[in-house]
Amino acid sequence: MKAKRLWGLVLAAAMCMAVAGCGQEAAETATTEPQYQVIGTEAEGAYDILLKNSIGQDVTGISVKTSDEEAYPANMLASDAVLKNGETAEWFYMPEEAGETEGVGEKDIALNVVYQVQITLADGTVYELSSLGMDDIDWNAELCLEDDVVFVKYTSKASGDTVSTKEQEVAAKAQKDAESQEEVASEPAPVEEVQQEAPAQPAQQSAPAASEPQQAPVEQIPEQTTEGCLTEGGGPAFN
């Protein structure tokens with residue numbers, strides 16, 4: 001009897017240890033599983049991407065639009081949220097519902113949608129991913145910054161290869177810069193209207209009055225008188 005009791009105690013202790021060990025292992029698994037910051041809203045049909053920030057500074061804004069839209073919508077990050085440099089976030093994005101087009105199915109349209117992503121950094125600099133195929137990203141994506149362009153590195157679902165969009169973004173930036181220079185060159189040069197005061201004209205001096213020609217002095221001839229006697233020739237006789 002004593003031996004049976006002893007074996008019973010040993011088995012009970014072993015079972016307790018096994019249960020405790022399983023509980024500890026589950027707890028360790030729960031604590032070691034990474035917890036990511038969530039951007040967007042998890043929903044059925046949404047893109048689910050693990051986005052790592054390797055830009056070199058914090059990201060304060062992420063906004064997505066299609067190439068057909070003109071303006072970017074609101075920031076997907078909360079007002080006080082920041083994706084710090086070196087950290088990873090789980091990014092959910094619900095694609096816009098594609099309308100039906102004659103001769104093209106909705107599925108085909110959805111696969112051909114090009115997304116543009118606006119990235120705002122902590123220093124206020126804004127970059128743009130000109131063309132991001134979210135449907136080809138195999139969960140993990142990395143934001144990088146080189147040569148004054150932000151680009152993405154990810155594993156392609158279609159090929160299984162590592163894809164970098166750097167060359168694509170460099171070409172897009174060069175085209176955008178060229179278009180900006182053309183616009184500036186086509187604008188007419190501003191005309192500066194400078195009102196110049198006419199130089200003051202010197203006061204016109206009245207021309208001196210033409211002097212009247214001076215008449216030569218008239219020699220006065222003494223007046224002759226006829227008083228007196230007449231001479232024999234009939235002329236007057238002067239005294």
# chains A, B, ... in the order shown; residues from 1 in each chain; ligands from 1

call {"tool": "closest_atom_pairs", "arguments": {"of": "region 35-77 of chain A", "to": "region 115-126 of chain A", "cutoff": "10 Å", "atoms": "only C-alpha atoms", "output": "Markdown table"}}
result
| residue | atom | partner | partner_atom | distance |
| --- | --- | --- | --- | --- |
| A:Ile55 | CA | A:Leu121 | CA | 9.0 |
| A:Gly56 | CA | A:Leu121 | CA | 9.6 |
| A:Gln57 | CA | A:Ala122 | CA | 6.8 |
| A:Asp58 | CA | A:Ala122 | CA | 5.4 |
| A:Val59 | CA | A:Leu121 | CA | 4.5 |
| A:Thr60 | CA | A:Leu121 | CA | 5.5 |
| A:Gly61 | CA | A:Thr120 | CA | 4.6 |
| A:Ile62 | CA | A:Ile119 | CA | 5.0 |
| A:Ser63 | CA | A:Gln118 | CA | 5.1 |
| A:Val64 | CA | A:Val117 | CA | 4.6 |
| A:Lys65 | CA | A:Gln116 | CA | 5.5 |
| A:Thr66 | CA | A:Tyr115 | CA | 4.5 |
| A:Ser67 | CA | A:Tyr115 | CA | 6.0 |
| A:Asp68 | CA | A:Tyr115 | CA | 9.1 |
| A:Glu69 | CA | A:Gln116 | CA | 9.5 |
| A:Tyr72 | CA | A:Gln118 | CA | 7.7 |
| A:Pro73 | CA | A:Gln118 | CA | 9.8 |
| A:Asn75 | CA | A:Gln118 | CA | 9.1 |

call {"tool": "closest_residue", "arguments": {"among": "A:Thr41, A:Tyr154, A:Tyr127, A:Glu142", "to": "Glu87 (chain A)", "atoms": "only C-alpha atoms"}}
result
A:Glu142

call {"tool": "residues_around", "arguments": {"residues": "region 163-179 of chain A", "least_positions_apart": "5", "cutoff": "9 Å", "atoms": "only C-alpha atoms", "output": "list in words"}}
result
Glu128, Leu129, Ser130, Ser131, Leu132, Cys144, Leu145, Glu146, Asp147, Asp148, Val149, Val150, Phe151, Val152, Lys153, Tyr154, Thr155, Ser156 and Val184 of chain A

call {"tool": "atom_distance", "arguments": {"atom1": "CA of Gln35 (chain A)", "atom2": "CA of Leu51 (chain A)"}}
result
13.1 Å

call {"tool": "residues_around", "arguments": {"residues": "Lys52 (chain A)", "least_positions_apart": "4", "cutoff": "7 Å", "atoms": "only C-alpha atoms", "output": "mmCIF file with all heavy atoms, in the first residue's frame"}}
result
data_model
loop_
_atom_site.group_PDB
_atom_site.id
_atom_site.type_symbol
_atom_site.label_atom_id
_atom_site.label_comp_id
_atom_site.auth_asym_id
_atom_site.auth_seq_id
_atom_site.Cartn_x
_atom_site.Cartn_y
_atom_site.Cartn_z
ATOM 1 N N GLY A 86 13.730 52.527 -37.672
ATOM 2 C CA GLY A 86 14.140 51.191 -37.248
ATOM 3 C C GLY A 86 12.993 50.324 -36.767
ATOM 4 O O GLY A 86 13.182 49.114 -36.585
ATOM 5 N N GLU A 87 11.804 50.904 -36.564
ATOM 6 C CA GLU A 87 10.671 50.124 -36.079
ATOM 7 C C GLU A 87 9.820 49.623 -37.248
ATOM 8 O O GLU A 87 9.890 50.127 -38.371
ATOM 9 C CB GLU A 87 9.817 50.958 -35.126
ATOM 10 C CG GLU A 87 10.501 51.257 -33.802
ATOM 11 C CD GLU A 87 9.563 51.920 -32.805
ATOM 12 O OE1 GLU A 87 8.420 52.245 -33.205
ATOM 13 O OE2 GLU A 87 9.967 52.109 -31.646
ATOM 14 N N THR A 88 8.998 48.615 -36.943
ATOM 15 C CA THR A 88 8.118 48.002 -37.930
ATOM 16 C C THR A 88 6.678 48.160 -37.482
ATOM 17 O O THR A 88 6.370 48.016 -36.296
ATOM 18 C CB THR A 88 8.456 46.512 -38.114
ATOM 19 O OG1 THR A 88 9.813 46.379 -38.540
ATOM 20 C CG2 THR A 88 7.542 45.856 -39.141
ATOM 21 N N ALA A 89 5.801 48.440 -38.411
ATOM 22 C CA ALA A 89 4.369 48.574 -38.130
ATOM 23 C C ALA A 89 3.586 47.653 -39.057
ATOM 24 O O ALA A 89 4.024 47.343 -40.168
ATOM 25 C CB ALA A 89 3.906 50.017 -38.325
ATOM 26 N N ALA A 141 7.794 44.715 -46.210
ATOM 27 C CA ALA A 141 8.276 45.817 -47.043
ATOM 28 C C ALA A 141 9.134 46.738 -46.186
ATOM 29 O O ALA A 141 8.903 46.882 -44.983
ATOM 30 C CB ALA A 141 7.112 46.583 -47.665
ATOM 31 N N GLU A 142 10.126 47.361 -46.823
ATOM 32 C CA GLU A 142 11.066 48.228 -46.103
ATOM 33 C C GLU A 142 11.164 49.573 -46.795
ATOM 34 O O GLU A 142 11.415 49.645 -47.998
ATOM 35 C CB GLU A 142 12.441 47.558 -46.049
ATOM 36 C CG GLU A 142 13.471 48.323 -45.235
ATOM 37 C CD GLU A 142 14.800 47.581 -45.155
ATOM 38 O OE1 GLU A 142 14.934 46.541 -45.837
ATOM 39 O OE2 GLU A 142 15.693 48.051 -44.430
ATOM 40 N N LEU A 143 10.944 50.644 -46.033
ATOM 41 C CA LEU A 143 11.084 52.008 -46.545
ATOM 42 C C LEU A 143 12.538 52.438 -46.442
ATOM 43 O O LEU A 143 13.141 52.355 -45.371
ATOM 44 C CB LEU A 143 10.205 52.979 -45.754
ATOM 45 C CG LEU A 143 8.707 53.000 -46.055
ATOM 46 C CD1 LEU A 143 7.992 53.905 -45.060
ATOM 47 C CD2 LEU A 143 8.442 53.476 -47.477
#

call {"tool": "atom_distance", "arguments": {"atom1": "CA of Pro34 (chain A)", "atom2": "CA of Glu90 (chain A)"}}
result
10.9 Å

call {"tool": "closest_residue", "arguments": {"among": "A:Ala78, A:Val113, A:Ala158, A:Ile49", "to": "Trp91 (chain A)", "atoms": "only C-alpha atoms"}}
result
A:Ile49

call {"tool": "atom_distance", "arguments": {"atom1": "CA of Ile39 (chain A)", "atom2": "CA of Ser79 (chain A)"}}
result
11.9 Å

call {"tool": "select_by_dssp", "arguments": {"residues": "region 34-179 of chain A", "states": "alpha helix (DSSP H)", "output": "count of residues only"}}
result
20
